[in-house]
Number of protein chains: 4
Amino acid sequence: MTITPPALSVFETLESEVRSYCRGWPAVFDRAQGARLTDEDGHSYLDFFAGAGSLNYGHNNPVLKRALIDYIERDGITHGLDMATTAKRAFLETFQNVILRPRDLPYKVMFPGPTGTNAVESALKLARKVKGRESVVSFTNAFHGMSLGSLAVTGNAFKRAGAGIPLVHGTPMPFDNYFDGTVPDFLWFERLLEDQGSGLNKPAAVIVETVQGEGGINVARAEWLRALQELCHRQDMLLIVDDIQMGCGRTGGFFSFEEASIVPDIVTLSKSISGYGMPMSLCLFKPELDIWEPGEHNGTFRGNNPAFVTAAAALQAYWADGQMEKQTLARGEQVEQALLAICAEEPTAQFRGRGLVWGMEFQDPARASAVCARAFQLGLLLETSGPQSEVVKLLPPLTVTTEELDEGLRTLARCVRETA
Amino acid sequence: MTITPPALSVFETLESEVRSYCRGWPAVFDRAQGARLTDEDGHSYLDFFAGAGSLNYGHNNPVLKRALIDYIERDGITHGLDMATTAKRAFLETFQNVILRPRDLPYKVMFPGPTGTNAVESALKLARKVKGRESVVSFTNAFHGMSLGSLAVTGNAFKRAGAGIPLVHGTPMPFDNYFDGTVPDFLWFERLLEDQGSGLNKPAAVIVETVQGEGGINVARAEWLRALQELCHRQDMLLIVDDIQMGCGRTGGFFSFEEASIVPDIVTLSKSISGYGMPMSLCLFKPELDIWEPGEHNGTFRGNNPAFVTAAAALQAYWADGQMEKQTLARGEQVEQALLAICAEEPTAQFRGRGLVWGMEFQDPARASAVCARAFQLGLLLETSGPQSEVVKLLPPLTVTTEELDEGLRTLARCVRETA
Amino acid sequence: MTITPPALSVFETLESEVRSYCRGWPAVFDRAQGARLTDEDGHSYLDFFAGAGSLNYGHNNPVLKRALIDYIERDGITHGLDMATTAKRAFLETFQNVILRPRDLPYKVMFPGPTGTNAVESALKLARKVKGRESVVSFTNAFHGMSLGSLAVTGNAFKRAGAGIPLVHGTPMPFDNYFDGTVPDFLWFERLLEDQGSGLNKPAAVIVETVQGEGGINVARAEWLRALQELCHRQDMLLIVDDIQMGCGRTGGFFSFEEASIVPDIVTLSKSISGYGMPMSLCLFKPELDIWEPGEHNGTFRGNNPAFVTAAAALQAYWADGQMEKQTLARGEQVEQALLAICAEEPTAQFRGRGLVWGMEFQDPARASAVCARAFQLGLLLETSGPQSEVVKLLPPLTVTTEELDEGLRTLARCVRETA
Amino acid sequence: MTITPPALSVFETLESEVRSYCRGWPAVFDRAQGARLTDEDGHSYLDFFAGAGSLNYGHNNPVLKRALIDYIERDGITHGLDMATTAKRAFLETFQNVILRPRDLPYKVMFPGPTGTNAVESALKLARKVKGRESVVSFTNAFHGMSLGSLAVTGNAFKRAGAGIPLVHGTPMPFDNYFDGTVPDFLWFERLLEDQGSGLNKPAAVIVETVQGEGGINVARAEWLRALQELCHRQDMLLIVDDIQMGCGRTGGFFSFEEASIVPDIVTLSKSISGYGMPMSLCLFKPELDIWEPGEHNGTFRGNNPAFVTAAAALQAYWADGQMEKQTLARGEQVEQALLAICAEEPTAQFRGRGLVWGMEFQDPARASAVCARAFQLGLLLETSGPQSEVVKLLPPLTVTTEELDEGLRTLARCVRETA
């Protein structure tokens, strides 16, 4: 496939230098369906990025599309203030019946604003209010968002520097396997908490991703998550699971923490919760934590009604039974087998993942970028992650077919070979 | 009109106590068109709140609706990563041709995430990065958002307390007319800046709303804004106009600061920029400030493509000529006349406003709430604002007809009378 | 008098560039008595600076000297831990009998460490602990010390910049007469406190100097101080008077706030409290504020016993009756007359002061430095103060004779003339 | 010995509840000589605390006493402004000739104010200014002082809570042997520094004590200190050794870090530097770091001249040759042998130390307090340290005789036995 350099002029002249993804994928995309995007020149791309995990059900999923168009056609409420609407009620009831009740999760639901970072900000606020402490513990290579509250618990030095003020009130602790198993889990964290002379400000909460997506596809073991929950209970800290990228079925179950049989005190969801790429997020918490005053946290787009419509449709279509979870795990095995074969040929690479989120780490960070660049030329969209962009990240839609998955994995294998 | 208490159960049992607007308007809304909403029991409401200013073109505006459905039908890209898309290009070109060029505004455009607070966070980050200073000056009764960066420059004590950490790096200064004209403008601010012993940390920027919406419809005079711009230039501070609620034509011109003939260094837009109630925001800044590194500020929903489609359609439909501005100013005069008459009868009230944003302040804050409650019973949606919710806020769609406006204003007059 | 350039080498080669006073007074001082210092070349200087106010009773005051030598000779305890000692008891009893009881002041006494900034740090800690709030209000051109807590409530931009971190948790308000009487007192401060939307973090306390020494000899009026006390009571804020430089009789009464008939919640004393130039400080507070836990604030040199000896001797010698106060006020009138005459001849200068602290402000800041430099040549030690070092500061020992005062004032007049 | 309850009334009624040492030692001390104090009832106490390490040369050391009285008799300058004086010059020259030159140490000397916390504040300011970063790394159980800057790098949770504001800009790392040798030194610290995604704000400096006195007599190994210095160099961080309690010969050499053959970038000294218990401190730093502006850090008592006199006399008397160091090491061996014997009998205790600073840690913290209480009854002054006051701390004057040492150690053994 030959790609003519697209006419990017208005992007280059008018849009800020802060733009990023468009730099690695120099195409102007026009349409999309399922796992495929098409650019304005008619080139087709297989999407192994899925809107950074916001399109778990694929692009323009027909079931959601129908519901959305119907809603718009009938002049449903479109704005996002937290008024009571029929669309919101339908979503809440569906979320309760399809997600919370079957899992015996007691959560209250908050609409904190439509983006992940809004949800994280609300989670941190609530934890601080409940515990009356300022400090929050996060983990090495965590990513929680770009507004100041979320950025303070995000690891990436480059992003942090953008704050323009010192980011305080957060302390990083080592994520699972940070020392390759040579140091007992939570040794450092627990000593600091127990030692009255440690200098650690007692944390209100711990915020964690079960799999760090931006951080390089670092997978926390179930026993590590359980031990973390146990530590939080023992030390009177709230456990916040940021399930923005890994929730909504990405790792198999609807919540990524189900596998570990833990029940976090607070959970954030966003990205694929609307199912259609539309901004929406949730903050869930145990009912006894619901000490918010009315309007204490607000925002114009908290109740994105069109997103509620597609979200409810997605839950009905994919989560009323256990098929989605089974399929994701099966697709995950397919990926695992392929990566095993690729890494057998490429000794400088190693892979890791769960469900349908996988990463291939290269010793030479430049190699990961080269693989993604070559993949783009071959019509496959892949992104890097990790502190040095050293990990190629696989994040296909959960609805990807085995054939598409096979196609993409073969292309990946070719890219790895050709960049050797 | 008799309203049966609606079945709110799932809202009350499942949704967090933080919900707010739904408490004042105990109805479950279902559909909307233009300036009218309909609840599930078929009651109709005249909307003088317009999604807190996010529906300047009315609910489900037919022009935008057509464009949106077409886009969805043809499987346009829906997710929000900052990839180049045909929808984004169309929006950027339209924004340049219809808005920036005719006004001779040199701005670069950043998509900072889809909510107002995302835009404010990016503006503050950029200002701090450019100037290498942490401090930002805001004004009494300012409202800029709920994430930690924005909250630190927001005045409301109740919202601030929700942060759970001390909010620092911001200093409030008196907004225009804070002392009813008895103190020269900027007397205090300027002395602090000039006096090397004042104790004020030199600010990177000043952030201001031209009309404070949440703060109680406080209108800054054009000469005050000009003097502020002049002060910023003289003291090497950036001027940020937060035009999230007052931009997109709310006060007449597309930008609310046009009337004052100032050119802020940074401008934030959100709410009505998508035109259809969908989350979208912009951060505009002078090209010499565009020192962002690629990806230094990012986010999943920055490039909400369906919103670009409605945004471009709205700009084409309403801003290609000066009709919209003229109509808004005419409608504003209609409101002013009505408020003049109401306040003539009600000596404890006074009013203020510009374009189609108006406020009626009551000496007794409870009266403002009573007026809004009575209005709801009579099928008119009104909200309060101000530090003590003492101001009834009028924010009808800009597309409201003179008849609708007249109807609403008559209802308002009745509410004022009946709550006396 | 001709002064040969002294051999400063070890100061220049070994001591840090941070040294300051020694630069303006290029002499190596050797001995001192009363109001006079002698350098190693035998030149004599009349001291109108008095160790920045730490030698109110003159250099090597014979009464204190005798007590000190006796104490050292008899091997009294010299170290400073807060053990009970006979010297400490004698000081406490004297302070109670001579100072607190006659003034009906109910204060508890804390030894917070031997410097002024230690005392201020302890006062701020206590206020924050009592009120459970972080914020403290200080005033324009305030000076409270160089450690981080004190520096955050100090106005001078140059000193603040030395912190190397953003100084937060403090907000400056205009000191008395900051706007030359054109704005009502506390207009801005009170509005901010009353307006729930002002954005001011509610302060735990207000810290104030009755006369700002470093800030340029700005004298607060008694009615302003009373109004400030009243505001603090009304708004539930503690009033801290930093009497480090102005206490111990500098303005007439032992405490500088006596004239205003106010009773601050917390008072800091240092500088002349030991009477002999030795490091010592006190933090006084109303008994109901004494919620310190044992050892919650500590330090090695809190209980400087030799300083207790000279402090007790000074209180006995100078404060057992009202002579000292009367004499200071009389000497103050002598200064005032002289300054009146000088300023009559020099229209670009104005003067202000109370008791034995006076300042002459020049329109051209360089002139103030020139006056001090010329005074040094003529054997008179004077320093500048104010944000631009535009004020010549007169701070002679309280024990200065009328003849010495006259001599120094005549020299000052000559310096003003000669630098015209 | 029977001790009658002393008349403490004025301490109890007038002095703040914050007083601490006087509670454990209910006597009113009057005189002292060498290693012995005498209370007002004539009881004698052997002093194994030495003013918390501020009396390394014993109480009222005759050599220093003579010099001090001579200085006072001849009306030497007593106040502390940083004017050039003959006493200051004599001290600087002595310090250069006796301490710096023989050790080939290139330091500039700053007088930051007379207390340890003043010195730490100045060190932190300078490090931040030099590196342009806010963050500083300290160690678990560190103690650096009570003013806000120093407190932020102090470990003790009880002291930290006294701040009344969140203490930020500091991050604790594990001190040597924090995990009993099971984790490689600096594993965590180094990973955080190297990992661009760790979330650690890059530190300007690391501040460390070679032996943590307040923290429980935790002794850093020489190789650990060397590795720390190496890490600082590699990662462009300044190394600050806080030698306030361990310097001035406490561990043998004049500086406690000499044994490790490291050259810190910045060193703080206080406590025994004056030699006579008088407040004095120094901040030493490499000449290339001397970027202070004149007066950027100041204070009234920076140049405590009487303290300079005793300090110079002490350096001349004790440090002109290597006798002091040899004697301290010999005395240290005497202590070690005694502690070995005591711990052989008492299996729940263990001991550690260097030079003449030793600690005995008890499994039951109450036991350590009981030992000290019994010691007081037997005429021996001992204090506890450690996060739970679980360590009995031995800190006799360096000039203690072998007989006194033997007497005290036998008393200690008795106290351990009697509290079993």
# chains A, B, ... in the order shown; residues from 1 in each chain; ligands from 1
call {"tool": "residues_around", "arguments": {"residues": "Glu418 of chain B", "least_positions_apart": "2", "cutoff": "12 Å", "atoms": "only C-alpha atoms", "output": "ChimeraX atom specification"}}
result
/B:346,367,370-375,378,411-416,420
call {"tool": "residues_around", "arguments": {"residues": "segment 285-299 of chain A", "least_positions_apart": "5", "cutoff": "7 Å", "atoms": "only C-alpha atoms", "output": "PyMOL selection string"}}
result
(chain A and resi 106-109+112-113+130+265-267) or (chain B and resi 16-20+146+158-159+162)
call {"tool": "write_last_selection", "arguments": {"atoms": "N, CA, C and O atoms", "output": "short mmCIF file (atom, residue, chain, number, x, y, z; two decimals), in the first residue's frame"}}
result
data_model
loop_
_atom_site.label_atom_id
_atom_site.label_comp_id
_atom_site.auth_asym_id
_atom_site.auth_seq_id
_atom_site.Cartn_x
_atom_site.Cartn_y
_atom_site.Cartn_z
N PRO A 106 -22.24 -3.01 45.91
CA PRO A 106 -23.20 -2.12 46.57
C PRO A 106 -23.08 -0.66 46.15
O PRO A 106 -23.61 0.22 46.82
N TYR A 107 -22.37 -0.37 45.05
CA TYR A 107 -21.95 1.00 44.80
C TYR A 107 -23.08 1.99 44.54
O TYR A 107 -24.06 1.67 43.89
N LYS A 108 -22.86 3.21 45.03
CA LYS A 108 -23.59 4.38 44.56
C LYS A 108 -22.90 4.86 43.28
O LYS A 108 -21.70 4.64 43.08
N VAL A 109 -23.66 5.56 42.43
CA VAL A 109 -23.13 6.00 41.13
C VAL A 109 -23.10 7.53 41.09
O VAL A 109 -24.11 8.18 41.34
N PRO A 112 -19.39 12.36 37.38
CA PRO A 112 -18.47 13.42 37.83
C PRO A 112 -18.04 14.38 36.73
O PRO A 112 -17.23 15.26 36.97
N GLY A 113 -18.60 14.24 35.54
CA GLY A 113 -18.09 14.94 34.36
C GLY A 113 -17.69 13.88 33.38
O GLY A 113 -17.45 12.74 33.78
N VAL A 130 -13.66 12.16 53.06
CA VAL A 130 -14.06 11.09 53.98
C VAL A 130 -13.01 10.90 55.07
O VAL A 130 -13.34 10.77 56.26
N ASP A 265 -13.06 0.48 47.42
CA ASP A 265 -13.98 1.44 48.02
C ASP A 265 -14.54 2.41 46.99
O ASP A 265 -15.69 2.82 47.07
N ILE A 266 -13.70 2.76 46.03
CA ILE A 266 -14.08 3.71 44.98
C ILE A 266 -13.58 3.16 43.64
O ILE A 266 -12.47 2.61 43.58
N VAL A 267 -14.38 3.29 42.59
CA VAL A 267 -13.99 2.84 41.26
C VAL A 267 -14.27 3.94 40.26
O VAL A 267 -15.34 4.56 40.31
N SER B 16 -25.58 9.28 43.46
CA SER B 16 -24.94 9.91 44.63
C SER B 16 -25.70 11.14 45.10
O SER B 16 -26.38 11.82 44.33
N GLU B 17 -25.52 11.44 46.35
CA GLU B 17 -26.11 12.64 46.94
C GLU B 17 -25.59 13.92 46.30
O GLU B 17 -26.13 15.00 46.53
N VAL B 18 -24.57 13.82 45.48
CA VAL B 18 -23.96 15.01 44.89
C VAL B 18 -24.85 15.61 43.80
O VAL B 18 -24.66 16.77 43.41
N ARG B 19 -25.82 14.83 43.33
CA ARG B 19 -26.71 15.35 42.27
C ARG B 19 -27.36 16.64 42.75
O ARG B 19 -27.70 16.77 43.92
N SER B 20 -27.57 17.58 41.82
CA SER B 20 -28.10 18.87 42.29
C SER B 20 -29.27 19.42 41.49
O SER B 20 -30.36 19.60 42.04
N MET B 146 -14.20 22.44 38.46
CA MET B 146 -14.16 21.61 39.64
C MET B 146 -12.91 20.76 39.80
O MET B 146 -12.70 20.15 40.84
N PHE B 158 -17.90 26.93 49.35
CA PHE B 158 -18.48 25.60 49.47
C PHE B 158 -17.82 24.65 48.46
O PHE B 158 -17.41 23.53 48.81
N LYS B 159 -17.67 25.09 47.24
CA LYS B 159 -17.00 24.26 46.23
C LYS B 159 -15.53 24.05 46.60
O LYS B 159 -14.99 22.96 46.45
N GLY B 162 -14.66 21.38 49.02
CA GLY B 162 -14.71 20.02 48.49
C GLY B 162 -13.37 19.47 48.04
O GLY B 162 -13.21 18.27 47.85
#
call {"tool": "select_by_dssp", "arguments": {"residues": "segment 125-258 of chain D", "states": "strand (DSSP E)", "output": "list in words"}}
result
Ser135, Val136, Val137, Ser138, Phe139, Gly170, Thr171, Pro172, Met173, Pro203, Ala204, Ala205, Val206, Ile207, Val208, Val211, Gln212, Asn218, Val219, Leu238, Leu239, Ile240, Val241 and Asp242 of chain D
call {"tool": "residues_around", "arguments": {"residues": "Val206 of chain B", "least_positions_apart": "5", "cutoff": "6 Å", "atoms": "only C-alpha atoms", "output": "list in words"}}
result
Val136, Val137, Ser138, Leu239 and Ile240 of chain B
call {"tool": "write_last_selection", "arguments": {"atoms": "all heavy atoms", "output": "PDB file, in the first residue's frame"}}
result
ATOM      1  N   VAL B 136      -1.503  32.582  40.015  1.00  0.00           N
ATOM      2  CA  VAL B 136      -2.486  33.100  39.070  1.00  0.00           C
ATOM      3  C   VAL B 136      -3.490  33.945  39.850  1.00  0.00           C
ATOM      4  O   VAL B 136      -3.912  33.555  40.941  1.00  0.00           O
ATOM      5  CB  VAL B 136      -3.217  31.951  38.338  1.00  0.00           C
ATOM      6  CG1 VAL B 136      -4.401  32.471  37.529  1.00  0.00           C
ATOM      7  CG2 VAL B 136      -2.248  31.204  37.432  1.00  0.00           C
ATOM      8  N   VAL B 137      -3.847  35.078  39.301  1.00  0.00           N
ATOM      9  CA  VAL B 137      -4.850  35.920  39.938  1.00  0.00           C
ATOM     10  C   VAL B 137      -6.214  35.653  39.335  1.00  0.00           C
ATOM     11  O   VAL B 137      -6.354  35.561  38.107  1.00  0.00           O
ATOM     12  CB  VAL B 137      -4.468  37.415  39.804  1.00  0.00           C
ATOM     13  CG1 VAL B 137      -5.685  38.319  39.945  1.00  0.00           C
ATOM     14  CG2 VAL B 137      -3.428  37.767  40.868  1.00  0.00           C
ATOM     15  N   SER B 138      -7.197  35.475  40.198  1.00  0.00           N
ATOM     16  CA  SER B 138      -8.579  35.332  39.748  1.00  0.00           C
ATOM     17  C   SER B 138      -9.397  36.421  40.433  1.00  0.00           C
ATOM     18  O   SER B 138      -8.841  37.250  41.151  1.00  0.00           O
ATOM     19  CB  SER B 138      -9.100  33.949  40.111  1.00  0.00           C
ATOM     20  OG  SER B 138      -8.975  33.753  41.502  1.00  0.00           O
ATOM     21  N   LEU B 239      -3.198  37.450  30.033  1.00  0.00           N
ATOM     22  CA  LEU B 239      -4.630  37.640  30.289  1.00  0.00           C
ATOM     23  C   LEU B 239      -5.403  36.460  29.704  1.00  0.00           C
ATOM     24  O   LEU B 239      -5.355  36.227  28.492  1.00  0.00           O
ATOM     25  CB  LEU B 239      -5.115  38.956  29.656  1.00  0.00           C
ATOM     26  CG  LEU B 239      -6.628  39.208  29.797  1.00  0.00           C
ATOM     27  CD1 LEU B 239      -7.057  39.288  31.259  1.00  0.00           C
ATOM     28  CD2 LEU B 239      -7.027  40.493  29.060  1.00  0.00           C
ATOM     29  N   ILE B 240      -6.063  35.720  30.578  1.00  0.00           N
ATOM     30  CA  ILE B 240      -6.896  34.593  30.152  1.00  0.00           C
ATOM     31  C   ILE B 240      -8.356  34.995  30.308  1.00  0.00           C
ATOM     32  O   ILE B 240      -8.786  35.337  31.415  1.00  0.00           O
ATOM     33  CB  ILE B 240      -6.641  33.346  31.037  1.00  0.00           C
ATOM     34  CG1 ILE B 240      -5.155  32.987  31.057  1.00  0.00           C
ATOM     35  CG2 ILE B 240      -7.492  32.172  30.569  1.00  0.00           C
ATOM     36  CD1 ILE B 240      -4.805  31.889  32.078  1.00  0.00           C
TER      37      ILE B 240
END
call {"tool": "residues_around", "arguments": {"residues": "segment 316-319 of chain C", "least_positions_apart": "6", "cutoff": "9 Å", "atoms": "only C-alpha atoms", "output": "PyMOL selection string"}}
result
chain C and resi 57+63-64+94+98-99+254+325
call {"tool": "write_last_selection", "arguments": {"atoms": "C-alpha atoms", "output": "PDB file, in the first residue's frame"}}
result
ATOM      1  CA  TYR C  57      19.373  49.012  77.018  1.00  0.00           C
ATOM      2  CA  VAL C  63      23.654  46.275  85.386  1.00  0.00           C
ATOM      3  CA  LEU C  64      23.128  43.324  83.079  1.00  0.00           C
ATOM      4  CA  THR C  94      10.026  38.514  87.168  1.00  0.00           C
ATOM      5  CA  VAL C  98       6.914  43.128  86.429  1.00  0.00           C
ATOM      6  CA  ILE C  99       5.278  42.779  83.025  1.00  0.00           C
ATOM      7  CA  PHE C 254       6.726  47.499  77.229  1.00  0.00           C
ATOM      8  CA  GLU C 325       8.296  54.583  79.205  1.00  0.00           C
TER       9      GLU C 325
END
call {"tool": "closest_residue", "arguments": {"among": "A:His169, A:Lys326, A:Arg133, A:Arg74", "to": "Thr38 of chain B", "atoms": "only C-alpha atoms"}}
result
A:Arg74
call {"tool": "interface_residues", "arguments": {"of": "chain B", "to": "chain C", "cutoff": "7 Å", "atoms": "only C-alpha atoms", "output": "compact mmCIF listing (two decimals) with all heavy atoms, in the first residue's frame"}}
result
# COMPACT_ATOMS: atom_id res chain seq x y z
N THR B 140 -12.96 37.80 42.65
CA THR B 140 -14.04 37.46 43.58
C THR B 140 -15.23 36.91 42.79
O THR B 140 -15.60 37.44 41.74
CB THR B 140 -14.50 38.73 44.33
OG1 THR B 140 -14.70 39.78 43.37
CG2 THR B 140 -13.44 39.18 45.31
N ASN B 141 -15.80 35.85 43.31
CA ASN B 141 -16.97 35.21 42.72
C ASN B 141 -16.74 34.60 41.33
O ASN B 141 -17.69 34.35 40.59
CB ASN B 141 -18.17 36.16 42.69
CG ASN B 141 -18.68 36.40 44.11
OD1 ASN B 141 -19.12 35.46 44.75
ND2 ASN B 141 -18.54 37.61 44.61
N THR B 154 -11.36 29.42 41.62
CA THR B 154 -12.81 29.59 41.76
C THR B 154 -13.11 30.15 43.15
O THR B 154 -12.44 29.78 44.11
CB THR B 154 -13.51 28.22 41.55
OG1 THR B 154 -13.41 27.88 40.16
CG2 THR B 154 -14.97 28.24 41.97
N GLY B 155 -14.09 31.04 43.23
CA GLY B 155 -14.31 31.74 44.49
C GLY B 155 -15.16 31.02 45.53
O GLY B 155 -14.90 31.14 46.73
N ASN B 156 -16.13 30.27 45.09
CA ASN B 156 -17.14 29.73 46.00
C ASN B 156 -16.57 28.86 47.12
O ASN B 156 -15.96 27.81 46.87
CB ASN B 156 -18.13 28.91 45.15
CG ASN B 156 -19.34 28.53 45.95
OD1 ASN B 156 -19.27 27.66 46.78
ND2 ASN B 156 -20.46 29.21 45.71
N ALA B 157 -16.77 29.29 48.35
CA ALA B 157 -16.17 28.62 49.52
C ALA B 157 -16.66 27.18 49.66
O ALA B 157 -15.90 26.29 50.05
CB ALA B 157 -16.48 29.41 50.79
N VAL B 168 -4.04 26.48 46.80
CA VAL B 168 -3.06 27.55 46.86
C VAL B 168 -2.68 27.98 45.43
O VAL B 168 -3.30 27.57 44.48
CB VAL B 168 -1.83 27.11 47.68
CG1 VAL B 168 -2.24 26.86 49.13
CG2 VAL B 168 -1.19 25.88 47.08
N HIS B 169 -1.70 28.82 45.30
CA HIS B 169 -1.21 29.33 44.01
C HIS B 169 -2.20 30.27 43.33
O HIS B 169 -2.00 30.61 42.17
CB HIS B 169 -0.83 28.20 43.04
CG HIS B 169 0.18 27.25 43.59
ND1 HIS B 169 1.40 27.66 44.03
CD2 HIS B 169 0.16 25.91 43.77
CE1 HIS B 169 2.09 26.61 44.45
NE2 HIS B 169 1.36 25.54 44.32
N PRO B 172 -7.27 36.01 44.99
CA PRO B 172 -8.42 36.72 44.44
C PRO B 172 -8.22 38.23 44.47
O PRO B 172 -7.60 38.76 45.39
CB PRO B 172 -9.56 36.32 45.39
CG PRO B 172 -8.90 36.00 46.69
CD PRO B 172 -7.50 35.53 46.37
N VAL B 183 -14.13 52.61 45.02
CA VAL B 183 -12.68 52.44 45.02
C VAL B 183 -12.21 52.40 43.56
O VAL B 183 -12.83 51.73 42.74
CB VAL B 183 -12.30 51.12 45.74
CG1 VAL B 183 -10.81 50.86 45.62
CG2 VAL B 183 -12.73 51.16 47.19
N GLN B 196 7.39 46.13 45.88
CA GLN B 196 8.26 44.96 46.02
C GLN B 196 8.15 44.33 47.40
O GLN B 196 8.71 43.27 47.64
CB GLN B 196 9.71 45.35 45.75
CG GLN B 196 10.00 45.60 44.30
CD GLN B 196 9.69 44.40 43.44
OE1 GLN B 196 10.26 43.34 43.63
NE2 GLN B 196 8.74 44.54 42.52
N GLY B 197 7.46 45.00 48.30
CA GLY B 197 7.30 44.44 49.65
C GLY B 197 5.89 43.98 49.94
O GLY B 197 5.54 43.74 51.08
N SER B 198 5.09 43.83 48.89
CA SER B 198 3.66 43.57 49.12
C SER B 198 3.37 42.16 49.61
O SER B 198 2.35 41.90 50.21
CB SER B 198 2.88 43.83 47.83
OG SER B 198 3.14 42.82 46.89
N GLY B 199 4.25 41.23 49.28
CA GLY B 199 3.97 39.84 49.67
C GLY B 199 3.18 39.07 48.63
O GLY B 199 2.91 37.88 48.81
N LEU B 200 2.78 39.73 47.54
CA LEU B 200 2.09 39.01 46.47
C LEU B 200 3.10 38.25 45.63
O LEU B 200 4.09 38.83 45.16
CB LEU B 200 1.35 40.01 45.56
CG LEU B 200 0.56 39.36 44.41
CD1 LEU B 200 -0.74 38.76 44.93
CD2 LEU B 200 0.25 40.36 43.30
N PRO B 387 -23.14 33.96 45.21
CA PRO B 387 -22.54 33.25 46.36
C PRO B 387 -23.58 32.74 47.35
O PRO B 387 -23.34 31.77 48.04
CB PRO B 387 -21.62 34.29 46.99
CG PRO B 387 -22.01 35.61 46.42
CD PRO B 387 -22.61 35.33 45.08
call {"tool": "atom_distance", "arguments": {"atom1": "atom CA of Thr268 of chain B", "atom2": "atom CA of Gln229 of chain B"}}
result
16.3 Å
call {"tool": "select_by_dssp", "arguments": {"residues": "segment 34-247 of chain C", "states": "alpha helix (DSSP H)", "output": "ChimeraX atom specification"}}
result
/C:50-53,62-73,86-94,116-131,148-151,157-161,187-194,222-234
call {"tool": "atom_distance", "arguments": {"atom1": "atom CA of Gly249 of chain C", "atom2": "atom CA of Val309 of chain C"}}
result
18.6 Å
call {"tool": "closest_residue", "arguments": {"among": "C:Asn97, C:Ser274, C:Thr328, C:Gln212", "to": "Asp243 of chain C", "atoms": "only C-alpha atoms"}}
result
C:Gln212
call {"tool": "residues_around", "arguments": {"residues": "Met237 of chain D", "least_positions_apart": "2", "cutoff": "6 Å", "atoms": "only C-alpha atoms", "output": "PyMOL selection string"}}
result
chain D and resi 204-205+232+235
call {"tool": "residues_around", "arguments": {"residues": "segment 120-125 of chain C", "least_positions_apart": "5", "cutoff": "6 Å", "atoms": "only C-alpha atoms", "output": "PyMOL selection string"}}
result
(chain C and resi 149-150) or (chain D and resi 147+163-164)
call {"tool": "write_last_selection", "arguments": {"atoms": "N, CA, C and O atoms", "output": "CSV table (one decimal), in the first residue's frame"}}
result
chain,number,residue,atom,x,y,z
C,149,GLY,N,8.1,29.1,57.3
C,149,GLY,CA,6.8,29.5,57.9
C,149,GLY,C,6.7,31.0,58.0
C,149,GLY,O,5.7,31.6,57.6
C,150,SER,N,7.7,31.6,58.5
C,150,SER,CA,7.8,33.1,58.7
C,150,SER,C,7.9,33.8,57.4
C,150,SER,O,7.3,34.9,57.2
D,147,SER,N,11.1,24.4,62.5
D,147,SER,CA,10.5,25.4,61.6
D,147,SER,C,10.0,24.7,60.4
D,147,SER,O,10.4,23.6,60.1
D,163,ALA,N,2.6,21.0,62.6
D,163,ALA,CA,2.8,22.1,61.6
D,163,ALA,C,1.5,22.8,61.3
D,163,ALA,O,1.5,24.0,60.9
D,164,GLY,N,0.4,22.0,61.3
D,164,GLY,CA,-0.9,22.6,61.0
D,164,GLY,C,-1.2,22.9,59.5
D,164,GLY,O,-2.2,23.4,59.2
